[in-house]
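Participant: This is the structure, below, for whatever I ask next.
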Amino acid sequence: MCTIAIIGGSRESSIKKYVESRGVTILFHDGKMNRPSSKYRSMIRKADVVTLMIDALNHNSMKTAREIAKELKKPLVYTKGKGITLAIDLSLLEYEKQK
């Protein structure tokens with residue numbers, strides 16, 4: 001089972017509903033924090049893939065998440081827009097590629 005950390009966005013319930021049928025575990029954060037590092041570190045450590053929804057995320061949050069993912073050697077996926085379907089699909093492709 002794939003675990004995806006999604007950072008950015010605002011519809012956690014919609015995200016979780018969408019992935020129920022896909023056999024995916026989601027760790028979600030909306031990306032709205034002044035000091036995101038401790039929360040992100042915990043999420044990213046547990047994830048197989050980190051997905052940054054760049055149109056729904058501030059620069060500081062994106063930079064922090066990217067640095068932590070790199071440090072923990074986690075693959076990163078960037079998605080434009082706020083659509084969860086594309087974000088999940090790209091994340092699953094990256095997960096399969098890493099296997």
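Order determines the names: the first chain of the structure tokens is A, the second B, and so forth; residues in each chain are numbered 1 upward, and ligands are numbered 1 upward as they are shown.
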Quick one: residues within 8 Å of Tyr95 of chain A, only C-alpha atoms, excluding same-chain residues fewer than 6 positions away - as a PyMOL selection string?
Facilitator: chain A and resi 2+48-49
Participant: Tell me, as an MDAnalysis selection string, which residues lie within 10 Å of segment 58-75 of chain A, counting only C-alpha atoms; anything in the same chain fewer than 2 positions away does not count.
Facilitator: chainID A and resid 7:8 30:56 77:78 91 94:95 97:98
Participant: Please report, as number ranges by chain, each residue of chain A to which DSSP assigns helix (DSSP H, G or I) when run on this structure's backbone.
Facilitator: A: 12-20, 37-46, 54-56, 59-71, 84-98
Participant: Would you output that residue set with N, CA and C atoms, as a short mmCIF file (atom, residue, chain, number, x, y, z; two decimals), in the first residue's frame?
Facilitator:
data_model
loop_
_atom_site.label_atom_id
_atom_site.label_comp_id
_atom_site.auth_asym_id
_atom_site.auth_seq_id
_atom_site.Cartn_x
_atom_site.Cartn_y
_atom_site.Cartn_z
N GLU A 12 -9.52 18.14 2.37
CA GLU A 12 -9.02 16.87 2.90
C GLU A 12 -10.08 15.77 2.81
N SER A 13 -11.33 16.08 3.13
CA SER A 13 -12.37 15.05 3.09
C SER A 13 -12.58 14.53 1.67
N SER A 14 -12.53 15.40 0.67
CA SER A 14 -12.67 14.97 -0.72
C SER A 14 -11.50 14.10 -1.15
N ILE A 15 -10.32 14.48 -0.71
CA ILE A 15 -9.11 13.71 -1.04
C ILE A 15 -9.23 12.30 -0.47
N LYS A 16 -9.57 12.21 0.80
CA LYS A 16 -9.66 10.90 1.44
C LYS A 16 -10.76 10.05 0.84
N LYS A 17 -11.87 10.66 0.46
CA LYS A 17 -12.96 9.93 -0.18
C LYS A 17 -12.50 9.38 -1.52
N TYR A 18 -11.80 10.18 -2.29
CA TYR A 18 -11.33 9.77 -3.60
C TYR A 18 -10.37 8.58 -3.52
N VAL A 19 -9.48 8.57 -2.55
CA VAL A 19 -8.46 7.52 -2.50
C VAL A 19 -8.91 6.24 -1.81
N GLU A 20 -10.06 6.25 -1.16
CA GLU A 20 -10.55 5.04 -0.49
C GLU A 20 -10.57 3.85 -1.45
N SER A 37 8.11 23.08 9.65
CA SER A 37 9.09 22.00 9.57
C SER A 37 8.79 20.78 10.45
N SER A 38 8.36 20.95 11.69
CA SER A 38 8.16 19.77 12.54
C SER A 38 6.98 18.92 12.07
N LYS A 39 5.89 19.53 11.66
CA LYS A 39 4.74 18.79 11.15
C LYS A 39 5.08 18.10 9.84
N TYR A 40 5.75 18.79 8.94
CA TYR A 40 6.11 18.21 7.66
C TYR A 40 7.09 17.05 7.84
N ARG A 41 8.03 17.20 8.71
CA ARG A 41 9.04 16.14 8.92
C ARG A 41 8.36 14.83 9.31
N SER A 42 7.41 14.89 10.21
CA SER A 42 6.69 13.70 10.65
C SER A 42 5.92 13.06 9.50
N MET A 43 5.22 13.87 8.72
CA MET A 43 4.45 13.37 7.57
C MET A 43 5.36 12.76 6.52
N ILE A 44 6.39 13.48 6.16
CA ILE A 44 7.27 13.06 5.08
C ILE A 44 8.02 11.78 5.46
N ARG A 45 8.39 11.65 6.70
CA ARG A 45 9.08 10.45 7.17
C ARG A 45 8.21 9.20 6.93
N LYS A 46 6.91 9.33 7.12
CA LYS A 46 5.98 8.20 6.98
C LYS A 46 5.58 7.92 5.53
N ILE A 54 1.46 22.93 -5.93
CA ILE A 54 2.13 24.23 -5.91
C ILE A 54 1.22 25.43 -6.07
N ASP A 55 0.04 25.26 -6.64
CA ASP A 55 -0.88 26.39 -6.75
C ASP A 55 -1.70 26.59 -5.47
N ALA A 56 -1.52 25.70 -4.51
CA ALA A 56 -2.28 25.79 -3.26
C ALA A 56 -1.33 25.78 -2.06
N HIS A 59 5.30 29.76 -0.76
CA HIS A 59 6.70 29.47 -1.10
C HIS A 59 7.48 28.91 0.09
N ASN A 60 7.26 29.44 1.27
CA ASN A 60 7.98 28.96 2.44
C ASN A 60 7.64 27.50 2.73
N SER A 61 6.38 27.15 2.66
CA SER A 61 5.97 25.77 2.89
C SER A 61 6.54 24.84 1.84
N MET A 62 6.53 25.28 0.58
CA MET A 62 7.06 24.45 -0.49
C MET A 62 8.57 24.22 -0.30
N LYS A 63 9.28 25.28 0.01
CA LYS A 63 10.72 25.17 0.21
C LYS A 63 11.04 24.24 1.37
N THR A 64 10.34 24.39 2.48
CA THR A 64 10.58 23.56 3.65
C THR A 64 10.30 22.09 3.36
N ALA A 65 9.16 21.81 2.73
CA ALA A 65 8.80 20.43 2.40
C ALA A 65 9.82 19.82 1.44
N ARG A 66 10.23 20.58 0.46
CA ARG A 66 11.22 20.10 -0.52
C ARG A 66 12.55 19.75 0.16
N GLU A 67 13.00 20.61 1.06
CA GLU A 67 14.26 20.36 1.76
C GLU A 67 14.18 19.11 2.63
N ILE A 68 13.07 18.93 3.33
CA ILE A 68 12.91 17.77 4.21
C ILE A 68 12.82 16.49 3.36
N ALA A 69 12.08 16.53 2.27
CA ALA A 69 11.96 15.35 1.40
C ALA A 69 13.33 14.97 0.84
N LYS A 70 14.10 15.95 0.44
CA LYS A 70 15.43 15.68 -0.09
C LYS A 70 16.31 15.06 0.99
N GLU A 71 16.28 15.63 2.18
CA GLU A 71 17.07 15.13 3.31
C GLU A 71 16.70 13.67 3.64
N ILE A 84 -7.21 16.88 -7.34
CA ILE A 84 -6.64 15.75 -6.61
C ILE A 84 -6.42 14.54 -7.50
N THR A 85 -7.22 14.38 -8.54
CA THR A 85 -7.07 13.21 -9.42
C THR A 85 -5.68 13.16 -10.02
N LEU A 86 -5.24 14.25 -10.61
CA LEU A 86 -3.91 14.30 -11.20
C LEU A 86 -2.83 14.11 -10.14
N ALA A 87 -2.99 14.74 -8.99
CA ALA A 87 -2.00 14.62 -7.92
C ALA A 87 -1.83 13.17 -7.48
N ILE A 88 -2.92 12.46 -7.31
CA ILE A 88 -2.84 11.05 -6.89
C ILE A 88 -2.25 10.20 -8.00
N ASP A 89 -2.70 10.41 -9.24
CA ASP A 89 -2.19 9.62 -10.36
C ASP A 89 -0.68 9.80 -10.53
N LEU A 90 -0.20 11.03 -10.47
CA LEU A 90 1.24 11.28 -10.60
C LEU A 90 2.02 10.69 -9.44
N SER A 91 1.44 10.76 -8.26
CA SER A 91 2.09 10.19 -7.07
C SER A 91 2.22 8.67 -7.19
N LEU A 92 1.16 8.03 -7.67
CA LEU A 92 1.20 6.57 -7.83
C LEU A 92 2.19 6.16 -8.93
N LEU A 93 2.29 6.94 -9.99
CA LEU A 93 3.30 6.66 -11.03
C LEU A 93 4.71 6.74 -10.44
N GLU A 94 4.94 7.77 -9.65
CA GLU A 94 6.26 7.92 -9.02
C GLU A 94 6.54 6.77 -8.05
N TYR A 95 5.54 6.35 -7.30
CA TYR A 95 5.68 5.24 -6.37
C TYR A 95 6.07 3.96 -7.13
N GLU A 96 5.39 3.69 -8.21
CA GLU A 96 5.69 2.49 -9.01
C GLU A 96 7.10 2.57 -9.59
N LYS A 97 7.50 3.74 -10.01
CA LYS A 97 8.83 3.95 -10.58
C LYS A 97 9.93 3.68 -9.54
N GLN A 98 9.64 3.99 -8.27
CA GLN A 98 10.61 3.84 -7.19
C GLN A 98 10.76 2.39 -6.71
#
Participant: Excluding same-chain residues fewer than 3 positions from Ile26 of chain A, what lies within 6 Å of it counting only C-alpha atoms, as a ChimeraX atom specification?
Facilitator: /A:3-5
Participant: Mind listing the strand (DSSP E or B) residues of segment 57-88 of chain A, per DSSP on the backbone, as a ChimeraX atom specification?
Facilitator: /A:76-79
Participant: Store the residues picked out above in a file with N, CA, C and O atoms, as a CSV table (one decimal), in the first residue's frame.
Facilitator:
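This is the output file part.csv:
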chain,number,residue,atom,x,y,z
A,76,LEU,N,9.7,13.4,-4.8
A,76,LEU,CA,8.8,14.5,-4.8
A,76,LEU,C,8.0,14.6,-6.1
A,76,LEU,O,8.6,14.3,-7.2
A,77,VAL,N,6.7,14.9,-6.0
A,77,VAL,CA,5.9,15.2,-7.2
A,77,VAL,C,5.3,16.6,-7.0
A,77,VAL,O,4.9,16.9,-6.0
A,78,TYR,N,5.4,17.3,-8.1
A,78,TYR,CA,4.8,18.7,-8.1
A,78,TYR,C,3.6,18.7,-9.0
A,78,TYR,O,3.7,18.2,-10.1
A,79,THR,N,2.5,19.2,-8.5
A,79,THR,CA,1.3,19.4,-9.4
A,79,THR,C,0.9,20.8,-9.4
A,79,THR,O,0.9,21.5,-8.4
